[in-house]
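Novice: Input structure: structure.cif, which contains mmCIF, N, CA and C atoms.
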```
data_run
loop_
_atom_site.label_atom_id
_atom_site.label_comp_id
_atom_site.auth_asym_id
_atom_site.auth_seq_id
_atom_site.Cartn_x
_atom_site.Cartn_y
_atom_site.Cartn_z
N MET A 1 128.65 -141.77 136.61
CA MET A 1 129.70 -142.57 137.19
C MET A 1 129.57 -142.58 138.70
N GLN A 2 129.61 -143.74 139.28
CA GLN A 2 129.57 -143.85 140.72
C GLN A 2 130.91 -144.36 141.22
N GLY A 3 131.25 -143.95 142.39
CA GLY A 3 132.51 -144.40 142.95
C GLY A 3 132.76 -143.70 144.26
N ILE A 4 133.89 -143.98 144.79
CA ILE A 4 134.29 -143.38 146.05
C ILE A 4 135.50 -142.50 145.79
N TRP A 5 135.40 -141.26 146.23
CA TRP A 5 136.51 -140.33 146.11
C TRP A 5 137.20 -140.27 147.46
N THR A 6 138.36 -140.84 147.53
CA THR A 6 139.12 -140.84 148.77
C THR A 6 139.82 -139.49 148.96
N THR A 7 140.32 -139.29 150.15
CA THR A 7 141.10 -138.08 150.43
C THR A 7 142.27 -137.98 149.46
N GLU A 8 142.91 -139.10 149.18
CA GLU A 8 144.05 -139.10 148.25
C GLU A 8 143.63 -138.67 146.85
N HIS A 9 142.46 -139.14 146.38
CA HIS A 9 141.96 -138.73 145.06
C HIS A 9 141.73 -137.22 145.01
N LEU A 10 141.10 -136.70 146.05
CA LEU A 10 140.81 -135.27 146.08
C LEU A 10 142.08 -134.44 146.16
N ARG A 11 143.02 -134.87 146.97
CA ARG A 11 144.29 -134.13 147.07
C ARG A 11 145.04 -134.14 145.75
N ALA A 12 145.03 -135.26 145.05
CA ALA A 12 145.71 -135.34 143.76
C ALA A 12 145.06 -134.42 142.73
N ALA A 13 143.73 -134.41 142.70
CA ALA A 13 143.02 -133.52 141.77
C ALA A 13 143.28 -132.06 142.12
N GLU A 14 143.26 -131.75 143.41
CA GLU A 14 143.51 -130.39 143.84
C GLU A 14 144.94 -129.97 143.53
N ALA A 15 145.89 -130.89 143.71
CA ALA A 15 147.30 -130.57 143.44
C ALA A 15 147.50 -130.20 141.97
N ARG A 16 146.84 -130.90 141.06
CA ARG A 16 146.95 -130.56 139.62
C ARG A 16 146.38 -129.17 139.37
N LEU A 17 145.25 -128.86 139.99
CA LEU A 17 144.63 -127.55 139.81
C LEU A 17 145.50 -126.45 140.41
N LEU A 18 146.02 -126.68 141.61
CA LEU A 18 146.88 -125.70 142.26
C LEU A 18 148.15 -125.44 141.45
N ALA A 19 148.69 -126.47 140.84
CA ALA A 19 149.90 -126.31 140.03
C ALA A 19 149.65 -125.47 138.79
N ALA A 20 148.40 -125.43 138.33
CA ALA A 20 148.07 -124.71 137.09
C ALA A 20 147.55 -123.30 137.33
N THR A 21 147.45 -122.88 138.59
CA THR A 21 146.94 -121.54 138.90
C THR A 21 147.95 -120.78 139.74
N PRO A 22 147.92 -119.46 139.68
CA PRO A 22 148.84 -118.68 140.53
C PRO A 22 148.56 -118.96 142.01
N GLU A 23 149.61 -118.84 142.84
CA GLU A 23 149.47 -119.11 144.26
C GLU A 23 148.39 -118.22 144.88
N GLY A 24 147.50 -118.84 145.62
CA GLY A 24 146.43 -118.13 146.31
C GLY A 24 145.18 -117.88 145.48
N ALA A 25 145.27 -118.07 144.18
CA ALA A 25 144.13 -117.74 143.31
C ALA A 25 142.91 -118.63 143.60
N LEU A 26 143.14 -119.91 143.81
CA LEU A 26 142.02 -120.83 144.06
C LEU A 26 141.33 -120.47 145.37
N MET A 27 142.10 -120.17 146.41
CA MET A 27 141.52 -119.79 147.69
C MET A 27 140.71 -118.50 147.55
N GLN A 28 141.26 -117.53 146.85
CA GLN A 28 140.56 -116.26 146.69
C GLN A 28 139.27 -116.45 145.88
N ARG A 29 139.31 -117.31 144.89
CA ARG A 29 138.10 -117.58 144.09
C ARG A 29 137.02 -118.23 144.95
N ALA A 30 137.41 -119.20 145.76
CA ALA A 30 136.44 -119.86 146.65
C ALA A 30 135.90 -118.87 147.68
N ALA A 31 136.78 -118.05 148.24
CA ALA A 31 136.36 -117.07 149.24
C ALA A 31 135.42 -116.04 148.64
N PHE A 32 135.66 -115.65 147.40
CA PHE A 32 134.77 -114.70 146.75
C PHE A 32 133.37 -115.30 146.63
N GLY A 33 133.29 -116.59 146.28
CA GLY A 33 131.99 -117.26 146.20
C GLY A 33 131.28 -117.29 147.54
N VAL A 34 132.02 -117.53 148.62
CA VAL A 34 131.45 -117.51 149.97
C VAL A 34 130.93 -116.11 150.29
N ALA A 35 131.72 -115.09 149.95
CA ALA A 35 131.33 -113.71 150.23
C ALA A 35 130.07 -113.32 149.47
N VAL A 36 129.95 -113.76 148.23
CA VAL A 36 128.75 -113.47 147.44
C VAL A 36 127.53 -114.11 148.10
N GLN A 37 127.65 -115.36 148.53
CA GLN A 37 126.53 -116.03 149.19
C GLN A 37 126.17 -115.34 150.51
N ALA A 38 127.19 -114.94 151.27
CA ALA A 38 126.94 -114.26 152.54
C ALA A 38 126.24 -112.92 152.29
N ALA A 39 126.68 -112.19 151.28
CA ALA A 39 126.04 -110.91 150.95
C ALA A 39 124.59 -111.13 150.54
N ASP A 40 124.34 -112.18 149.77
CA ASP A 40 122.96 -112.49 149.38
C ASP A 40 122.10 -112.77 150.61
N LEU A 41 122.64 -113.53 151.56
CA LEU A 41 121.90 -113.82 152.80
C LEU A 41 121.63 -112.56 153.61
N LEU A 42 122.64 -111.70 153.70
CA LEU A 42 122.44 -110.44 154.42
C LEU A 42 121.33 -109.62 153.76
N ALA A 43 121.37 -109.51 152.45
CA ALA A 43 120.36 -108.74 151.74
C ALA A 43 118.97 -109.35 151.92
N GLU A 44 118.91 -110.67 151.84
CA GLU A 44 117.62 -111.36 151.98
C GLU A 44 117.03 -111.19 153.37
N HIS A 45 117.85 -111.29 154.40
CA HIS A 45 117.35 -111.28 155.77
C HIS A 45 117.29 -109.91 156.42
N THR A 46 118.07 -108.96 155.92
CA THR A 46 118.09 -107.64 156.55
C THR A 46 117.73 -106.52 155.60
N GLY A 47 117.67 -106.83 154.31
CA GLY A 47 117.35 -105.80 153.33
C GLY A 47 118.55 -105.00 152.86
N HIS A 48 119.72 -105.22 153.46
CA HIS A 48 120.92 -104.46 153.11
C HIS A 48 122.16 -105.34 153.20
N VAL A 49 123.21 -104.90 152.55
CA VAL A 49 124.52 -105.52 152.72
C VAL A 49 125.43 -104.52 153.44
N ALA A 50 125.59 -103.35 152.83
CA ALA A 50 126.43 -102.31 153.44
C ALA A 50 125.84 -101.92 154.80
N GLY A 51 126.70 -101.74 155.76
CA GLY A 51 126.25 -101.34 157.09
C GLY A 51 125.92 -102.50 158.00
N ARG A 52 125.90 -103.72 157.49
CA ARG A 52 125.64 -104.90 158.32
C ARG A 52 126.94 -105.31 159.01
N ARG A 53 126.82 -106.19 160.00
CA ARG A 53 127.98 -106.70 160.74
C ARG A 53 128.00 -108.21 160.68
N VAL A 54 129.20 -108.76 160.53
CA VAL A 54 129.37 -110.21 160.59
C VAL A 54 130.59 -110.54 161.44
N ALA A 55 130.53 -111.71 162.06
CA ALA A 55 131.67 -112.25 162.80
C ALA A 55 132.10 -113.53 162.11
N LEU A 56 133.40 -113.69 161.97
CA LEU A 56 133.97 -114.89 161.38
C LEU A 56 134.63 -115.70 162.49
N LEU A 57 134.31 -116.96 162.60
CA LEU A 57 135.01 -117.86 163.51
C LEU A 57 136.09 -118.53 162.67
N VAL A 58 137.34 -118.15 162.89
CA VAL A 58 138.43 -118.50 162.00
C VAL A 58 139.34 -119.55 162.63
N GLY A 59 139.36 -120.71 162.00
CA GLY A 59 140.25 -121.77 162.43
C GLY A 59 141.63 -121.63 161.79
N ALA A 60 142.42 -122.66 161.95
CA ALA A 60 143.80 -122.64 161.46
C ALA A 60 143.87 -123.02 159.98
N GLY A 61 144.98 -122.63 159.37
CA GLY A 61 145.31 -123.10 158.03
C GLY A 61 144.44 -122.54 156.93
N ASN A 62 144.33 -123.33 155.86
CA ASN A 62 143.66 -122.86 154.65
C ASN A 62 142.16 -122.63 154.81
N ASN A 63 141.49 -123.44 155.63
CA ASN A 63 140.06 -123.18 155.84
C ASN A 63 139.85 -121.83 156.51
N GLY A 64 140.70 -121.53 157.47
CA GLY A 64 140.66 -120.21 158.09
C GLY A 64 140.99 -119.12 157.08
N GLY A 65 141.93 -119.41 156.18
CA GLY A 65 142.27 -118.46 155.13
C GLY A 65 141.09 -118.14 154.23
N ASP A 66 140.31 -119.17 153.91
CA ASP A 66 139.09 -118.94 153.11
C ASP A 66 138.18 -117.94 153.80
N ALA A 67 137.98 -118.12 155.10
CA ALA A 67 137.10 -117.23 155.86
C ALA A 67 137.64 -115.81 155.88
N LEU A 68 138.95 -115.67 156.09
CA LEU A 68 139.55 -114.34 156.15
C LEU A 68 139.45 -113.61 154.81
N TRP A 69 139.73 -114.32 153.72
CA TRP A 69 139.59 -113.70 152.40
C TRP A 69 138.13 -113.33 152.13
N ALA A 70 137.20 -114.21 152.51
CA ALA A 70 135.77 -113.87 152.33
C ALA A 70 135.43 -112.61 153.11
N GLY A 71 135.97 -112.50 154.32
CA GLY A 71 135.75 -111.29 155.12
C GLY A 71 136.29 -110.05 154.43
N SER A 72 137.44 -110.17 153.79
CA SER A 72 137.99 -109.00 153.09
C SER A 72 137.09 -108.59 151.93
N PHE A 73 136.51 -109.56 151.24
CA PHE A 73 135.58 -109.22 150.14
C PHE A 73 134.30 -108.59 150.68
N LEU A 74 133.82 -109.06 151.82
CA LEU A 74 132.63 -108.45 152.42
C LEU A 74 132.92 -107.01 152.86
N ARG A 75 134.12 -106.76 153.37
CA ARG A 75 134.50 -105.39 153.74
C ARG A 75 134.38 -104.46 152.54
N ARG A 76 134.76 -104.93 151.38
CA ARG A 76 134.65 -104.11 150.16
C ARG A 76 133.20 -103.76 149.83
N ARG A 77 132.27 -104.54 150.37
CA ARG A 77 130.84 -104.27 150.17
C ARG A 77 130.27 -103.44 151.31
N GLY A 78 131.12 -102.97 152.23
CA GLY A 78 130.65 -102.12 153.31
C GLY A 78 130.17 -102.85 154.55
N VAL A 79 130.51 -104.13 154.66
CA VAL A 79 130.13 -104.92 155.83
C VAL A 79 131.21 -104.77 156.90
N ALA A 80 130.81 -104.55 158.13
CA ALA A 80 131.75 -104.53 159.25
C ALA A 80 132.08 -105.97 159.60
N VAL A 81 133.34 -106.34 159.53
CA VAL A 81 133.76 -107.72 159.73
C VAL A 81 134.72 -107.81 160.92
N THR A 82 134.40 -108.72 161.84
CA THR A 82 135.29 -109.03 162.95
C THR A 82 135.62 -110.51 162.87
N ALA A 83 136.92 -110.81 162.82
CA ALA A 83 137.38 -112.19 162.78
C ALA A 83 137.81 -112.62 164.17
N VAL A 84 137.22 -113.70 164.66
CA VAL A 84 137.61 -114.28 165.94
C VAL A 84 138.59 -115.41 165.62
N LEU A 85 139.86 -115.19 165.96
CA LEU A 85 140.91 -116.16 165.64
C LEU A 85 140.94 -117.24 166.71
N LEU A 86 140.55 -118.46 166.34
CA LEU A 86 140.47 -119.56 167.29
C LEU A 86 141.83 -120.16 167.60
N ASN A 87 142.77 -120.00 166.68
CA ASN A 87 144.13 -120.52 166.87
C ASN A 87 145.10 -119.50 166.29
N PRO A 88 145.29 -118.37 166.97
CA PRO A 88 146.04 -117.24 166.40
C PRO A 88 147.42 -117.59 165.88
N GLU A 89 148.11 -118.53 166.52
CA GLU A 89 149.46 -118.85 166.06
C GLU A 89 149.47 -119.64 164.76
N ARG A 90 148.33 -120.15 164.34
CA ARG A 90 148.25 -120.90 163.07
C ARG A 90 147.32 -120.24 162.06
N THR A 91 147.11 -118.94 162.22
CA THR A 91 146.24 -118.20 161.31
C THR A 91 146.89 -118.07 159.94
N HIS A 92 146.09 -118.16 158.89
CA HIS A 92 146.58 -118.03 157.51
C HIS A 92 147.07 -116.59 157.30
N ALA A 93 148.36 -116.42 157.09
CA ALA A 93 148.99 -115.09 157.06
C ALA A 93 148.46 -114.20 155.94
N ALA A 94 148.35 -114.73 154.74
CA ALA A 94 147.89 -113.90 153.61
C ALA A 94 146.44 -113.49 153.78
N GLY A 95 145.60 -114.40 154.25
CA GLY A 95 144.20 -114.07 154.49
C GLY A 95 144.04 -113.03 155.58
N LEU A 96 144.82 -113.17 156.63
CA LEU A 96 144.78 -112.20 157.73
C LEU A 96 145.22 -110.82 157.24
N ALA A 97 146.28 -110.79 156.44
CA ALA A 97 146.76 -109.51 155.90
C ALA A 97 145.70 -108.87 155.01
N ALA A 98 145.02 -109.68 154.20
CA ALA A 98 143.97 -109.14 153.32
C ALA A 98 142.83 -108.55 154.14
N LEU A 99 142.42 -109.25 155.20
CA LEU A 99 141.34 -108.74 156.03
C LEU A 99 141.75 -107.43 156.70
N ARG A 100 142.94 -107.39 157.22
CA ARG A 100 143.41 -106.16 157.88
C ARG A 100 143.52 -105.00 156.89
N ARG A 101 144.04 -105.27 155.69
CA ARG A 101 144.14 -104.21 154.66
C ARG A 101 142.77 -103.63 154.32
N SER A 102 141.76 -104.49 154.35
CA SER A 102 140.41 -104.05 153.99
C SER A 102 139.71 -103.32 155.12
N GLY A 103 140.32 -103.30 156.30
CA GLY A 103 139.71 -102.62 157.45
C GLY A 103 138.97 -103.54 158.39
N GLY A 104 139.12 -104.85 158.21
CA GLY A 104 138.48 -105.80 159.11
C GLY A 104 139.14 -105.81 160.47
N ARG A 105 138.37 -106.17 161.48
CA ARG A 105 138.88 -106.24 162.85
C ARG A 105 139.22 -107.68 163.20
N VAL A 106 140.14 -107.83 164.15
CA VAL A 106 140.59 -109.15 164.57
C VAL A 106 140.55 -109.20 166.09
N THR A 107 140.08 -110.34 166.61
CA THR A 107 140.05 -110.53 168.06
C THR A 107 140.27 -112.01 168.37
N THR A 108 140.31 -112.31 169.66
CA THR A 108 140.46 -113.69 170.13
C THR A 108 139.16 -114.10 170.83
N PRO A 109 138.96 -115.40 171.06
CA PRO A 109 137.73 -115.81 171.74
C PRO A 109 137.54 -115.14 173.10
N ALA A 110 138.61 -115.00 173.88
CA ALA A 110 138.48 -114.37 175.20
C ALA A 110 138.03 -112.93 175.07
N ARG A 111 138.62 -112.20 174.16
CA ARG A 111 138.26 -110.78 173.95
C ARG A 111 136.84 -110.68 173.39
N ALA A 112 136.47 -111.57 172.48
CA ALA A 112 135.11 -111.55 171.91
C ALA A 112 134.09 -111.80 173.01
N SER A 113 134.39 -112.70 173.92
CA SER A 113 133.49 -112.98 175.04
C SER A 113 133.31 -111.75 175.91
N GLN A 114 134.39 -111.03 176.18
CA GLN A 114 134.31 -109.80 176.97
C GLN A 114 133.46 -108.75 176.27
N LEU A 115 133.62 -108.64 174.95
CA LEU A 115 132.83 -107.68 174.19
C LEU A 115 131.35 -108.01 174.25
N LEU A 116 131.02 -109.30 174.14
CA LEU A 116 129.62 -109.71 174.19
C LEU A 116 129.01 -109.46 175.56
N GLU A 117 129.78 -109.68 176.61
CA GLU A 117 129.28 -109.44 177.97
C GLU A 117 128.99 -107.96 178.18
N SER A 118 129.78 -107.09 177.57
CA SER A 118 129.56 -105.66 177.74
C SER A 118 128.32 -105.17 176.99
N VAL A 119 127.84 -105.96 176.03
CA VAL A 119 126.64 -105.59 175.28
C VAL A 119 125.39 -105.86 176.12
N ASP A 120 125.46 -106.87 176.98
CA ASP A 120 124.28 -107.25 177.79
C ASP A 120 123.88 -106.21 178.73
#
```
Mind turning this structure into structure tokens?

Specialist:
Amino acid sequence: MQGIWTTEHLRAAEARLLAATPEGALMQRAAFGVAVQAADLLAEHTGHVAGRRVALLVGAGNNGGDALWAGSFLRRRGVAVTAVLLNPERTHAAGLAALRRSGGRVTTPARASQLLESVD
């Protein structure tokens, strides 16, 4: 079947799925998939998952929530995770709480820049 899927079509399909699943479950499922792929890349490129470091560039809303939840899953695999919050006042609250509970670190772009300068 060929056709065009408009934003309205996608939102309607997503709304039906969201209504049939517990709150947050779809986001956590997607984030887990991202975390699995990230762990595979870490293993492929560095030979390890545990003990590696990743930085998350976290935007606002649900997309940022996906990143934060993925970071929390990576923390469970022993990855050091730092989330750089690009819009702290609009950060996904549940994702941020999950990352913090898992031991992930949080910073802002200005602070991340200072940290990088101190490494040089």

Novice: Using only C-alpha atoms, which of the listed residues (A:Arg77, A:Arg100, A:Arg29, A:Arg11) sits closest to Arg52 (chain A)?

Specialist: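 With only C-alpha atoms as the atom set, the closest residue is A:Arg77.
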
Novice: Can you turn the PyMOL selection byres ((chain A and resi 57) around 8) into a concrete residue list for this file, as a PyMOL selection string?

Specialist: chain A and resi 54-56+58-60+63-64+67-68+82-87

Novice: State, in Å with one decimal place, the distance from atom N of Arg90 (chain A) to atom C of Gly61 (chain A).

Specialist: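 Interatomic distance here is 8.7 Å.
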
Novice: Expanded to explicit residues, what is the PyMOL selection byres (((chain A and resi 76 and name CA) around 12) and name CA) for this file, as a PyMOL selection string?

Specialist: chain A and resi 32+35-36+39+49-51+69-75+77-81+98-104

Novice: Between CA of Thr91 (chain A) and atom C of Leu26 (chain A), what distance in Å does the model show, to one decimal?

Specialist: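 Separating CA of Thr91 (chain A) from atom C of Leu26 (chain A) is a distance of 16.8 Å.
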
Novice: Which distance in Å separates CA of Met27 (chain A) and atom C of Leu42 (chain A), to one decimal?

Specialist: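 We find that CA of Met27 (chain A) and atom C of Leu42 (chain A) lie 23.4 Å from each other.
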
Novice: Report as lines of an AutoDock Vina configuration file the centre and the edge lengths, in Å to one decimal, of the axis-aligned box holding every listed atom of region 69-74 of chain A, padded by 3 Å on each side.

Specialist:
```
center_x = 136.2
center_y = -110.7
center_z = 152.6
size_x = 13.1
size_y = 13.3
size_z = 11.0
```

Novice: Give the helix (DSSP H, G or I) residues of chain A, as DSSP finds them on the backbone, and put them as number ranges by chain.

Specialist: A: 7-19, 25-46, 61-76, 88-90, 93-101, 109-119

Novice: Working from the structure I just supplied, which lacks atoms in region 39-54 of chain A, can you model N, CA, C and O atoms there and output them as a compact mmCIF listing (two decimals), in the frame of the given file?

Specialist:
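File produced: out-v5.txt:
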```txt
# COMPACT_ATOMS: atom_id res chain seq x y z
N ALA A 39 126.68 -112.19 151.28
CA ALA A 39 126.04 -110.91 150.95
C ALA A 39 124.59 -111.13 150.54
O ALA A 39 123.70 -110.35 150.92
N ASP A 40 124.34 -112.18 149.77
CA ASP A 40 122.96 -112.49 149.38
C ASP A 40 122.10 -112.77 150.61
O ASP A 40 120.95 -112.32 150.70
N LEU A 41 122.64 -113.53 151.56
CA LEU A 41 121.90 -113.82 152.80
C LEU A 41 121.63 -112.56 153.61
O LEU A 41 120.53 -112.37 154.14
N LEU A 42 122.64 -111.70 153.70
CA LEU A 42 122.44 -110.44 154.42
C LEU A 42 121.33 -109.62 153.76
O LEU A 42 120.45 -109.08 154.45
N ALA A 43 121.37 -109.51 152.45
CA ALA A 43 120.36 -108.74 151.74
C ALA A 43 118.97 -109.35 151.92
O ALA A 43 117.98 -108.64 152.14
N GLU A 44 118.91 -110.67 151.84
CA GLU A 44 117.62 -111.36 151.98
C GLU A 44 117.03 -111.19 153.37
O GLU A 44 115.82 -110.97 153.52
N HIS A 45 117.85 -111.29 154.40
CA HIS A 45 117.35 -111.28 155.77
C HIS A 45 117.29 -109.91 156.42
O HIS A 45 116.54 -109.72 157.39
N THR A 46 118.07 -108.96 155.92
CA THR A 46 118.09 -107.64 156.55
C THR A 46 117.73 -106.52 155.60
O THR A 46 117.54 -105.39 156.04
N GLY A 47 117.67 -106.83 154.31
CA GLY A 47 117.35 -105.80 153.33
C GLY A 47 118.55 -105.00 152.86
O GLY A 47 118.43 -104.18 151.96
N HIS A 48 119.72 -105.22 153.46
CA HIS A 48 120.92 -104.46 153.11
C HIS A 48 122.16 -105.34 153.20
O HIS A 48 122.15 -106.35 153.90
N VAL A 49 123.21 -104.90 152.55
CA VAL A 49 124.52 -105.52 152.72
C VAL A 49 125.43 -104.52 153.44
O VAL A 49 125.92 -104.78 154.52
N ALA A 50 125.59 -103.35 152.83
CA ALA A 50 126.43 -102.31 153.44
C ALA A 50 125.84 -101.92 154.80
O ALA A 50 124.62 -101.81 154.96
N GLY A 51 126.70 -101.74 155.76
CA GLY A 51 126.25 -101.34 157.09
C GLY A 51 125.92 -102.50 158.00
O GLY A 51 125.66 -102.30 159.19
N ARG A 52 125.90 -103.72 157.49
CA ARG A 52 125.64 -104.90 158.32
C ARG A 52 126.94 -105.31 159.01
O ARG A 52 128.02 -104.88 158.64
N ARG A 53 126.82 -106.19 160.00
CA ARG A 53 127.98 -106.70 160.74
C ARG A 53 128.00 -108.21 160.68
O ARG A 53 126.96 -108.85 160.80
N VAL A 54 129.20 -108.76 160.53
CA VAL A 54 129.37 -110.21 160.59
C VAL A 54 130.59 -110.54 161.44
O VAL A 54 131.52 -109.75 161.54
```
